[in-house]
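Heads up, entry.cif below (mmCIF, C-alpha atoms):
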```cif
data_final
#
loop_
_atom_site.label_atom_id
_atom_site.label_comp_id
_atom_site.auth_asym_id
_atom_site.auth_seq_id
_atom_site.Cartn_x
_atom_site.Cartn_y
_atom_site.Cartn_z
CA MET A 73 -39.92 37.99 -102.27
CA SER A 74 -41.26 34.87 -103.99
CA GLY A 75 -37.72 33.45 -103.99
CA SER A 76 -37.53 34.06 -100.26
CA LEU A 77 -40.86 32.36 -99.70
CA GLN A 78 -39.67 29.35 -101.65
CA ASN A 79 -36.67 29.24 -99.31
CA LEU A 80 -39.13 29.02 -96.42
CA THR A 81 -40.32 25.60 -97.56
CA GLY A 82 -36.72 24.50 -97.90
CA LEU A 83 -35.94 25.10 -94.22
CA ASP A 84 -34.74 22.03 -92.38
CA ARG A 85 -37.83 20.90 -90.46
CA MET A 86 -35.76 18.83 -88.06
CA ILE A 87 -34.15 22.05 -86.81
CA HIS A 88 -37.08 24.40 -87.39
CA GLU A 89 -39.13 23.01 -84.51
CA PRO A 90 -38.62 25.60 -81.68
CA ALA A 91 -37.45 23.21 -78.95
CA ARG A 92 -34.94 21.50 -81.24
CA LEU A 93 -33.80 24.84 -82.63
CA MET A 94 -33.04 26.02 -79.10
CA LEU A 95 -31.09 22.84 -78.36
CA MET A 96 -29.12 23.18 -81.59
CA ALA A 97 -28.37 26.85 -80.79
CA LEU A 98 -27.20 26.00 -77.28
CA LEU A 99 -25.00 23.15 -78.45
CA SER A 100 -23.60 25.09 -81.41
CA SER A 101 -21.58 27.42 -79.20
CA VAL A 102 -20.05 24.82 -76.88
CA GLU A 103 -18.04 21.64 -77.28
CA THR A 104 -20.38 19.53 -75.16
CA ALA A 105 -23.18 20.09 -72.66
CA ASP A 106 -24.89 17.70 -70.30
CA PHE A 107 -28.57 16.88 -69.92
CA LEU A 108 -29.00 19.07 -66.83
CA PHE A 109 -27.64 22.17 -68.56
CA LEU A 110 -29.93 21.64 -71.55
CA LEU A 111 -32.85 20.99 -69.21
CA LYS A 112 -32.27 24.20 -67.22
CA GLU A 113 -31.59 26.40 -70.23
CA SER A 114 -34.36 25.11 -72.48
CA ARG A 115 -36.93 24.87 -69.64
CA LEU A 116 -38.43 21.85 -71.35
CA THR A 117 -39.76 18.96 -69.32
CA LYS A 118 -37.43 16.01 -68.91
CA GLY A 119 -39.60 13.84 -71.12
CA ASN A 120 -39.86 16.40 -73.89
CA LEU A 121 -36.13 17.11 -73.76
CA SER A 122 -35.33 13.41 -74.03
CA VAL A 123 -37.63 13.05 -77.04
CA GLN A 124 -36.17 16.07 -78.85
CA LEU A 125 -32.59 14.96 -78.16
CA SER A 126 -33.40 11.46 -79.43
CA ARG A 127 -34.85 12.91 -82.64
CA LEU A 128 -31.77 15.02 -83.24
CA GLU A 129 -29.60 12.01 -82.53
CA GLU A 130 -31.57 9.85 -84.95
CA ALA A 131 -31.13 12.53 -87.60
CA GLY A 132 -27.38 12.34 -87.02
CA TYR A 133 -27.21 15.96 -85.81
CA LEU A 134 -25.90 15.20 -82.38
CA GLU A 135 -24.16 12.44 -80.54
CA MET A 136 -24.40 11.34 -76.97
CA GLU A 137 -21.47 10.33 -74.82
CA LYS A 138 -21.91 8.53 -71.52
CA THR A 139 -19.10 9.19 -69.07
CA PHE A 140 -18.54 9.24 -65.33
CA ARG A 141 -17.82 12.31 -63.23
CA GLY A 142 -16.37 10.66 -60.17
CA LYS A 143 -18.81 7.83 -59.44
CA ILE A 144 -21.80 9.57 -60.97
CA PRO A 145 -22.88 8.61 -64.50
CA HIS A 146 -22.91 11.59 -66.77
CA THR A 147 -24.36 12.12 -70.25
CA GLU A 148 -22.92 14.74 -72.55
CA TYR A 149 -24.21 15.85 -75.92
CA ARG A 150 -22.30 17.36 -78.82
CA LEU A 151 -23.22 18.43 -82.33
CA THR A 152 -21.85 16.22 -85.08
CA GLN A 153 -20.22 17.71 -88.18
CA LYS A 154 -23.48 17.02 -90.00
CA GLY A 155 -25.39 18.84 -87.27
CA LYS A 156 -23.07 21.84 -87.39
CA SER A 157 -23.38 22.10 -91.18
CA ALA A 158 -27.16 21.72 -91.02
CA PHE A 159 -27.43 24.40 -88.34
CA ASN A 160 -25.22 26.83 -90.28
CA GLN A 161 -27.24 26.18 -93.44
CA TYR A 162 -30.47 26.72 -91.51
CA ARG A 163 -29.24 30.08 -90.19
CA LYS A 164 -28.18 31.16 -93.67
CA SER A 165 -31.56 30.20 -95.14
CA LEU A 166 -33.41 31.92 -92.32
CA GLY A 167 -31.27 35.02 -92.75
CA SER A 168 -32.01 35.21 -96.46
CA ILE A 169 -35.76 34.86 -95.81
CA LEU A 170 -35.85 37.52 -93.10
CA LYS A 171 -33.73 39.97 -95.12
CA MET B 260 -35.83 34.47 -84.51
CA ASN B 261 -32.16 35.03 -85.28
CA VAL B 262 -32.01 37.23 -82.19
CA GLN B 263 -33.33 34.37 -80.04
CA ILE B 264 -30.80 31.98 -81.56
CA ASP B 265 -28.02 34.47 -80.85
CA SER B 266 -29.26 34.87 -77.30
CA ALA B 267 -29.22 31.09 -76.70
CA GLN B 268 -25.70 30.86 -78.12
CA LYS B 269 -24.49 33.73 -75.94
CA ARG B 270 -26.02 32.13 -72.83
CA ALA B 271 -24.10 28.94 -73.51
CA ARG B 272 -20.87 30.85 -74.16
CA GLY B 273 -21.21 32.86 -70.95
CA TYR B 274 -21.98 29.84 -68.78
CA TRP B 275 -18.47 29.86 -67.29
CA PHE B 276 -19.37 33.18 -65.61
CA VAL B 277 -22.84 32.15 -64.41
CA ASP B 278 -21.85 31.64 -60.76
CA GLY B 279 -19.51 34.61 -60.22
CA PHE B 280 -16.57 32.40 -59.15
CA THR B 281 -14.37 33.49 -62.05
CA GLU B 282 -14.79 37.19 -61.26
CA MET B 283 -14.08 36.55 -57.58
CA ALA B 284 -10.92 34.62 -58.50
CA ALA B 285 -9.80 37.32 -60.94
CA GLY B 286 -10.55 40.00 -58.35
CA GLY B 287 -8.56 38.12 -55.71
CA LEU B 288 -5.62 37.82 -58.10
CA PHE B 289 -5.78 41.56 -58.86
CA ILE B 290 -5.77 42.40 -55.15
CA LEU B 291 -2.81 40.04 -54.57
CA LEU B 292 -0.82 41.69 -57.38
CA ALA B 293 -1.66 45.15 -56.05
CA ALA B 294 -0.52 44.08 -52.56
CA ILE B 295 2.79 42.75 -53.91
CA LEU B 296 3.39 46.02 -55.74
CA LEU B 297 2.37 48.07 -52.71
CA PHE B 298 4.48 46.21 -50.14
CA SER B 299 7.50 45.90 -52.41
CA GLY B 300 7.38 49.68 -52.75
CA ASN B 301 8.46 50.03 -49.14
CA ALA B 302 11.33 47.57 -49.37
CA PRO B 303 14.75 49.26 -49.29
CA GLN B 304 16.55 48.81 -52.62
CA SER B 305 19.81 50.08 -53.95
CA SER B 306 18.47 51.42 -57.21
CA PHE B 307 15.23 51.71 -59.12
CA SER B 308 16.28 49.19 -61.77
CA THR B 309 17.11 46.56 -59.11
CA TRP B 310 13.80 47.21 -57.43
CA PHE B 311 11.90 47.09 -60.73
CA LEU B 312 13.47 43.79 -61.81
CA SER B 313 12.81 42.24 -58.42
CA VAL B 314 9.14 43.34 -58.41
CA ALA B 315 8.63 42.26 -62.03
CA GLY B 316 9.97 38.82 -61.10
CA GLU B 317 7.77 38.59 -58.00
CA ILE B 318 4.69 39.63 -59.97
CA ALA B 319 5.42 37.15 -62.77
CA VAL B 320 5.78 34.29 -60.26
CA ALA B 321 2.68 35.39 -58.32
CA LYS B 322 0.71 35.65 -61.56
CA LEU B 323 1.74 32.17 -62.70
CA ILE B 324 1.08 30.51 -59.35
CA GLY B 325 -2.07 32.60 -58.81
CA ILE B 326 -3.55 31.71 -62.19
CA LEU B 327 -2.77 27.99 -61.75
CA ALA B 328 -4.22 28.01 -58.23
CA ALA B 329 -7.29 29.95 -59.41
CA ILE B 330 -7.93 27.44 -62.21
CA LEU B 331 -7.69 24.49 -59.79
CA ILE B 332 -9.94 26.20 -57.23
CA LEU B 333 -12.45 27.16 -59.95
CA TRP B 334 -12.59 23.59 -61.27
CA TRP B 335 -13.16 22.24 -57.76
CA LEU B 336 -15.83 24.85 -56.94
CA LYS B 337 -17.68 24.32 -60.20
CA ASP B 338 -17.48 20.56 -59.86
CA HIS B 339 -18.97 20.66 -56.35
CA PHE B 340 -21.29 23.64 -56.58
CA THR B 341 -22.24 24.74 -60.10
CA TYR B 342 -22.40 21.57 -62.18
CA PRO B 343 -24.70 19.70 -59.75
CA ARG B 344 -27.09 22.66 -59.82
CA THR B 345 -27.23 23.85 -63.42
CA GLY B 346 -25.25 21.32 -65.39
CA PHE B 347 -21.91 20.90 -67.05
CA VAL B 348 -20.66 22.61 -70.20
CA ARG B 349 -17.36 22.09 -71.95
CA GLY B 350 -16.37 25.24 -73.81
CA LYS B 351 -15.28 25.18 -77.42
CA ARG B 352 -11.61 24.61 -78.07
CA ILE B 353 -9.97 27.63 -79.64
CA THR B 354 -8.23 26.79 -82.90
CA VAL B 355 -4.90 28.25 -84.03
CA THR B 356 -6.73 30.24 -86.73
CA GLN B 357 -9.02 31.79 -84.12
CA VAL B 358 -6.02 32.70 -81.93
CA LEU B 359 -4.40 34.40 -84.94
CA VAL B 360 -7.62 36.30 -85.69
CA ILE B 361 -7.81 37.47 -82.04
CA ILE B 362 -4.16 38.60 -82.12
CA ARG B 363 -4.75 40.42 -85.43
CA ASN B 364 -7.82 42.20 -84.02
CA VAL B 365 -6.03 43.16 -80.81
CA VAL B 366 -3.13 44.60 -82.82
CA LEU B 367 -5.40 46.36 -85.34
CA PHE B 368 -8.02 47.74 -83.00
CA LEU B 369 -6.14 48.14 -79.73
CA PHE B 370 -2.37 48.48 -80.10
CA LEU B 371 -2.26 50.44 -83.35
CA PRO B 372 -4.72 53.11 -82.11
CA ILE B 373 -2.74 53.39 -78.88
CA LEU B 374 0.53 53.76 -80.79
CA ALA B 375 -1.12 56.31 -83.09
CA LEU B 376 -2.39 58.23 -80.06
CA LEU B 377 1.08 58.19 -78.49
CA ALA B 378 2.67 59.30 -81.77
CA VAL B 379 0.19 62.18 -82.08
CA SER B 380 0.82 63.12 -78.44
CA LEU B 381 4.57 63.16 -79.06
CA LEU B 382 4.07 65.31 -82.16
CA ILE B 383 1.87 67.81 -80.32
CA ALA B 384 3.75 67.83 -77.03
CA SER B 385 7.36 67.06 -76.18
CA ALA B 386 8.45 63.59 -75.06
CA HIS B 387 9.28 65.14 -71.71
CA SER B 388 5.75 66.39 -71.08
CA VAL B 389 4.25 63.07 -72.25
CA LEU B 390 6.46 61.34 -69.68
CA ASP B 391 5.62 63.98 -67.06
CA PHE B 392 1.92 63.28 -67.43
CA MET B 393 2.34 59.49 -67.48
CA PRO B 394 0.87 59.10 -63.95
CA GLU B 395 -2.29 60.82 -65.25
CA TRP B 396 -2.77 59.34 -68.73
CA PHE B 397 -1.52 55.84 -67.97
CA PRO B 398 -4.37 54.80 -65.61
CA ILE B 399 -6.94 56.51 -67.83
CA GLY B 400 -5.64 54.64 -70.90
CA LEU B 401 -5.41 51.30 -69.10
CA GLY B 402 -8.87 51.73 -67.56
CA LEU B 403 -10.31 52.48 -70.99
CA ILE B 404 -8.55 49.48 -72.57
CA TRP B 405 -9.98 47.20 -69.87
CA ALA B 406 -13.39 48.79 -70.39
CA VAL B 407 -13.26 48.01 -74.13
CA LEU B 408 -12.22 44.41 -73.42
CA TYR B 409 -15.07 43.98 -70.92
CA LEU B 410 -17.55 45.48 -73.37
CA LEU B 411 -16.44 43.11 -76.14
CA ALA B 412 -16.49 40.08 -73.82
CA GLY B 413 -19.90 41.09 -72.47
CA GLU B 414 -21.27 41.49 -75.98
CA TRP B 415 -19.88 38.11 -77.06
CA MET B 416 -21.35 36.30 -74.07
CA GLY B 417 -24.49 38.38 -73.62
CA LEU B 418 -23.53 39.35 -70.06
CA GLN B 419 -25.17 42.63 -69.11
CA ARG B 420 -23.12 43.04 -65.95
CA PHE B 421 -19.93 43.19 -68.02
CA ARG B 422 -21.20 46.50 -69.41
CA LEU B 423 -21.40 47.79 -65.85
CA LEU B 424 -17.93 46.40 -65.18
CA ALA B 425 -16.67 48.19 -68.30
CA ILE B 426 -18.14 51.49 -67.08
CA ALA B 427 -16.69 50.90 -63.60
CA MET B 428 -13.21 50.14 -65.04
CA ALA B 429 -13.29 53.23 -67.25
CA LEU B 430 -14.47 55.45 -64.38
CA THR B 431 -11.82 53.99 -62.05
CA GLY B 432 -9.06 54.72 -64.56
CA ILE B 433 -10.34 58.26 -65.07
CA ALA B 434 -10.74 58.82 -61.32
CA VAL B 435 -7.18 57.64 -60.60
CA GLY B 436 -5.83 59.85 -63.41
CA ILE B 437 -7.75 62.87 -62.15
CA GLY B 438 -6.72 62.04 -58.58
CA GLN B 439 -3.08 62.05 -59.62
CA PHE B 440 -3.54 65.35 -61.42
CA ALA B 441 -5.54 67.04 -58.66
CA ILE B 442 -3.88 65.87 -55.45
CA GLY B 443 -0.79 63.96 -56.58
CA LEU B 444 -0.77 60.50 -55.02
CA PRO B 445 2.39 59.44 -53.19
CA ALA B 446 5.18 57.87 -55.24
CA PHE B 447 6.90 54.59 -54.49
CA PRO B 448 9.34 52.96 -54.04
CA ALA B 449 10.19 55.72 -51.63
CA ASN B 450 13.73 54.50 -51.02
CA ALA B 451 14.88 54.01 -54.60
CA GLN B 452 17.93 55.83 -55.84
CA THR B 453 17.86 57.35 -59.29
CA GLY B 454 20.79 55.43 -60.80
CA ILE B 455 20.92 56.12 -64.53
CA LEU B 456 17.45 57.72 -64.55
CA GLN B 457 16.91 61.45 -64.22
CA PRO B 458 15.15 62.33 -60.94
CA LEU B 459 12.10 63.78 -62.72
CA VAL B 460 11.73 60.71 -64.96
CA LEU B 461 12.06 58.44 -61.95
CA ASP B 462 9.45 60.43 -60.07
CA SER B 463 7.09 60.19 -63.04
CA ILE B 464 7.57 56.41 -63.33
CA ASN B 465 7.10 55.98 -59.58
CA ARG B 466 3.88 57.98 -59.59
CA ALA B 467 2.66 56.01 -62.63
CA LEU B 468 3.30 52.82 -60.63
CA THR B 469 1.20 54.25 -57.79
CA SER B 470 -1.57 54.87 -60.33
CA LEU B 471 -1.23 51.32 -61.65
CA ASP B 472 -1.32 49.86 -58.15
CA LEU B 473 -4.42 51.82 -57.22
CA LEU B 474 -6.14 50.93 -60.48
CA ILE B 475 -5.40 47.21 -60.03
CA LEU B 476 -6.52 47.31 -56.40
CA ILE B 477 -9.84 49.08 -57.09
CA SER B 478 -10.50 46.89 -60.14
CA GLY B 479 -9.89 43.83 -57.98
CA VAL B 480 -12.41 45.05 -55.42
CA ILE B 481 -14.93 45.79 -58.21
CA LEU B 482 -14.47 42.30 -59.68
CA MET B 483 -14.79 40.66 -56.25
CA THR B 484 -17.98 42.61 -55.56
CA SER B 485 -19.45 41.75 -58.94
CA GLY B 486 -18.55 38.09 -58.46
CA LEU B 487 -20.04 38.02 -54.97
CA VAL B 488 -23.32 39.63 -56.08
CA THR B 489 -23.53 37.18 -59.03
CA PHE B 490 -22.78 34.26 -56.71
CA LEU B 491 -25.46 35.28 -54.20
CA ARG B 492 -28.03 35.66 -56.98
CA TYR B 493 -27.04 32.33 -58.49
CA ARG B 494 -27.29 30.60 -55.11
CA LYS B 495 -30.71 32.15 -54.50
CA GLU B 496 -31.96 30.92 -57.88
CA ASN B 497 -30.38 27.48 -57.45
CA PRO B 498 -30.35 26.78 -53.71
CA THR B 499 -29.89 23.02 -53.91
CA PRO B 500 -28.30 20.57 -56.34
CA TYR B 501 -30.65 19.15 -58.94
CA VAL B 502 -32.25 15.93 -57.83
CA GLU B 503 -33.80 13.42 -60.21
CA GLU B 504 -37.53 13.13 -59.65
CA ALA B 505 -38.65 9.68 -58.55
#
```
Would you mind writing the file out in structure tokens?
Amino acid sequence: MSGSLQNLTGLDRMIHEPARLMLMALLSSVETADFLFLLKESRLTKGNLSVQLSRLEEAGYLEMEKTFRGKIPHTEYRLTQKGKSAFNQYRKSLGSILK
Amino acid sequence: MNVQIDSAQKRARGYWFVDGFTEMAAGGLFILLAAILLFSGNAPQSSFSTWFLSVAGEIAVAKLIGILAAILILWWLKDHFTYPRTGFVRGKRITVTQVLVIIRNVVLFLFLPILALLAVSLLIASAHSVLDFMPEWFPIGLGLIWAVLYLLAGEWMGLQRFRLLAIAMALTGIAVGIGQFAIGLPAFPANAQTGILQPLVLDSINRALTSLDLLILISGVILMTSGLVTFLRYRKENPTPYVEEA
């Protein structure tokens, strides 16, 4: 039990925040997703979503790609390899704590 | 918390089915295939094998063209209807390793049990009686296989309605099988000559084809209905495209 509790402090705080965790979970099962999808699924406000995405981007966990769909500018987000590894590690740690 | 993470991942995976278009397209394709099988059954043919080869060819072509057309239509519909409302998602690319794992699982958990079941049936009963009852067990088996596939897909993508679809597919298969047993549905092609096949074997195959046709047709209608209901709900929840606030 004490070992598990020590693991708790070792959880990645960048991912552990609920809004960012949800974004990481959503992005972990797709190749890319756009801002609107993340906005609708997370039910965050636009401002909050932008802030959380920027933080994850600064941490190197996700990357943003600006493209065009027809004539409309379009922003897609994808997890980086670092982000995928961090998310998998987070889930493992969480699993061992909750066991 | 792990449950919530799983739920978010499943929602993202199942996004392709959020608007019901895919089920409607699949249902339409099923109905088209059933119609080809049904109408080709009335075409005069010299022998069963000629008829069978001709129908198999027609179905293969219709499947190929139908799937390509469905993909193009789905892309267009999603581009103009779904993505402006609830956003765009690009699904994960499936790797070769994942394809091999899927094939292994299908062989291990689907084909091997079916072969084992057939082998046991042949041991218990004669090959003749297994063939005789093909119109009854074939739709039941196929309906159950589809039900398992829908259950697995529904579980993977967290789609509750796929459980209902699985139940509906299983019940349809069972109903067609029982229907064949109880009232004996008509056989087709009606005009086929036996050729090298024994008349009883030919009759059994023909009646099994009737079962297959009916199963595909009803499944198509079920898929169309499910897609339509999903579409109407989606449209109600997202009546207009998302507009940036000023």
Dump as a list in words the residues of chain B that approach chain A to within 10 Å, counting all atoms listed in the file.
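Using all atoms listed in the file, chain B residues at most 10 Å from chain A: Met260, Asn261, Gln263, Ile264, Asp265, Ser266, Ala267, Gln268, Lys269, Arg270, Ala271, Arg272, Gly273, Tyr274, Asp338, Tyr342, Pro343, Arg344, Thr345, Gly346, Phe347, Val348, Arg349, Gly350, Lys351, Arg352, Tyr501, Glu503 and Glu504 of chain B.
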Figure out the distance between atom CA of B:Ala285 and atom CA of B:Ile404, please, to one decimal in Å.
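Computed distance, atom CA of B:Ile404 to atom CA of B:Ala285, equals 16.9 Å.
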If you count only C-alpha atoms, which residues fall within 12 Å of stretch 370-386 of chain B, apart from same-chain ones fewer than 2 positions away, as a PyMOL selection string?
chain B and resi 362-368+388-393+396-397+400-401+403-404+460
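Of note, atom CA of B:Phe280 and atom CA of B:Leu292 are spaced 18.4 Å apart.
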Would you list the contacts of A:Leu134 as a list in words, taking every protein, DNA or RNA residue within 9 Å and counting all atoms listed in the file, but skipping same-chain residues closer than 2 positions in sequence?
Met96, Leu99, Leu125, Ser126, Leu128, Glu129, Glu130, Ala131, Gly132, Met136, Tyr149, Arg150, Leu151, Thr152, Gln153, Lys154, Gly155 and Lys156 of chain A
Taking the file above as input, evaluate the PyMOL selection byres ((chain B and resi 479-491) around 7) and report the hits as a ChimeraX atom specification.
/B:278-280,282-283,285-287,289-290,475-478,492-495
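A straight line drawn from atom CA of B:Ile399 to atom CA of B:Val435 is 7.3 Å long.
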Kindly resolve the PyMOL selection byres ((chain B and resi 408) around 12) on the present coordinates and return the residues as a short mmCIF file (atom, residue, chain, number, x, y, z; two decimals) with C-alpha atoms, in the coordinates of the input.
```cif
data_model
loop_
_atom_site.label_atom_id
_atom_site.label_comp_id
_atom_site.auth_asym_id
_atom_site.auth_seq_id
_atom_site.Cartn_x
_atom_site.Cartn_y
_atom_site.Cartn_z
CA ILE B 361 -7.81 37.47 -82.04
CA ASN B 364 -7.82 42.20 -84.02
CA VAL B 365 -6.03 43.16 -80.81
CA PHE B 368 -8.02 47.74 -83.00
CA LEU B 369 -6.14 48.14 -79.73
CA LEU B 401 -5.41 51.30 -69.10
CA GLY B 402 -8.87 51.73 -67.56
CA LEU B 403 -10.31 52.48 -70.99
CA ILE B 404 -8.55 49.48 -72.57
CA TRP B 405 -9.98 47.20 -69.87
CA ALA B 406 -13.39 48.79 -70.39
CA VAL B 407 -13.26 48.01 -74.13
CA TYR B 409 -15.07 43.98 -70.92
CA LEU B 410 -17.55 45.48 -73.37
CA LEU B 411 -16.44 43.11 -76.14
CA ALA B 412 -16.49 40.08 -73.82
CA GLY B 413 -19.90 41.09 -72.47
CA GLU B 414 -21.27 41.49 -75.98
CA TRP B 415 -19.88 38.11 -77.06
CA PHE B 421 -19.93 43.19 -68.02
CA ARG B 422 -21.20 46.50 -69.41
CA LEU B 424 -17.93 46.40 -65.18
CA ALA B 425 -16.67 48.19 -68.30
CA ILE B 426 -18.14 51.49 -67.08
CA MET B 428 -13.21 50.14 -65.04
CA ALA B 429 -13.29 53.23 -67.25
#
```
What residues have an atom no more than 10 Å from (-36.7, 26.6, -93.4) in the file's own frame, counting all atoms listed in the file, and can you write them as number ranges by chain?
A: 77-89, 161-166, 169
Export, as a PDB file, in the coordinates of the input, the selected residues with C-alpha atoms.
```pdb
ATOM      1  CA  LEU A  77     -40.860  32.360 -99.700  1.00  0.00           C
ATOM      2  CA  GLN A  78     -39.670  29.350-101.650  1.00  0.00           C
ATOM      3  CA  ASN A  79     -36.670  29.240 -99.310  1.00  0.00           C
ATOM      4  CA  LEU A  80     -39.130  29.020 -96.420  1.00  0.00           C
ATOM      5  CA  THR A  81     -40.320  25.600 -97.560  1.00  0.00           C
ATOM      6  CA  GLY A  82     -36.720  24.500 -97.900  1.00  0.00           C
ATOM      7  CA  LEU A  83     -35.940  25.100 -94.220  1.00  0.00           C
ATOM      8  CA  ASP A  84     -34.740  22.030 -92.380  1.00  0.00           C
ATOM      9  CA  ARG A  85     -37.830  20.900 -90.460  1.00  0.00           C
ATOM     10  CA  MET A  86     -35.760  18.830 -88.060  1.00  0.00           C
ATOM     11  CA  ILE A  87     -34.150  22.050 -86.810  1.00  0.00           C
ATOM     12  CA  HIS A  88     -37.080  24.400 -87.390  1.00  0.00           C
ATOM     13  CA  GLU A  89     -39.130  23.010 -84.510  1.00  0.00           C
ATOM     14  CA  GLN A 161     -27.240  26.180 -93.440  1.00  0.00           C
ATOM     15  CA  TYR A 162     -30.470  26.720 -91.510  1.00  0.00           C
ATOM     16  CA  ARG A 163     -29.240  30.080 -90.190  1.00  0.00           C
ATOM     17  CA  LYS A 164     -28.180  31.160 -93.670  1.00  0.00           C
ATOM     18  CA  SER A 165     -31.560  30.200 -95.140  1.00  0.00           C
ATOM     19  CA  LEU A 166     -33.410  31.920 -92.320  1.00  0.00           C
ATOM     20  CA  ILE A 169     -35.760  34.860 -95.810  1.00  0.00           C
TER      21      ILE A 169
END
```
Contacts of B:Gly443 at 12 Å or less, counting only C-alpha atoms, minus same-chain residues fewer than 6 places along, as a PyMOL selection string?
chain B and resi 392+394-395+435-437+462-463+465-467+469-470
Once 5 Å is added on each side, what are the centre and the three edge lengths, in Å to one decimal, of the axis-aligned box enclosing the listed atoms of stretch 82-89 of chain A? Present them as AutoDock Vina command-line options.
```
--center_x -36.6 --center_y 22.0 --center_z -91.2 --size_x 15.0 --size_y 16.3 --size_z 23.4
```
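Distance annotation: of A:Ser168, A:Ser157, A:Lys138, A:Arg127, the residue with the minimal separation from A:Arg92 is A:Arg127; atom set is only C-alpha atoms.
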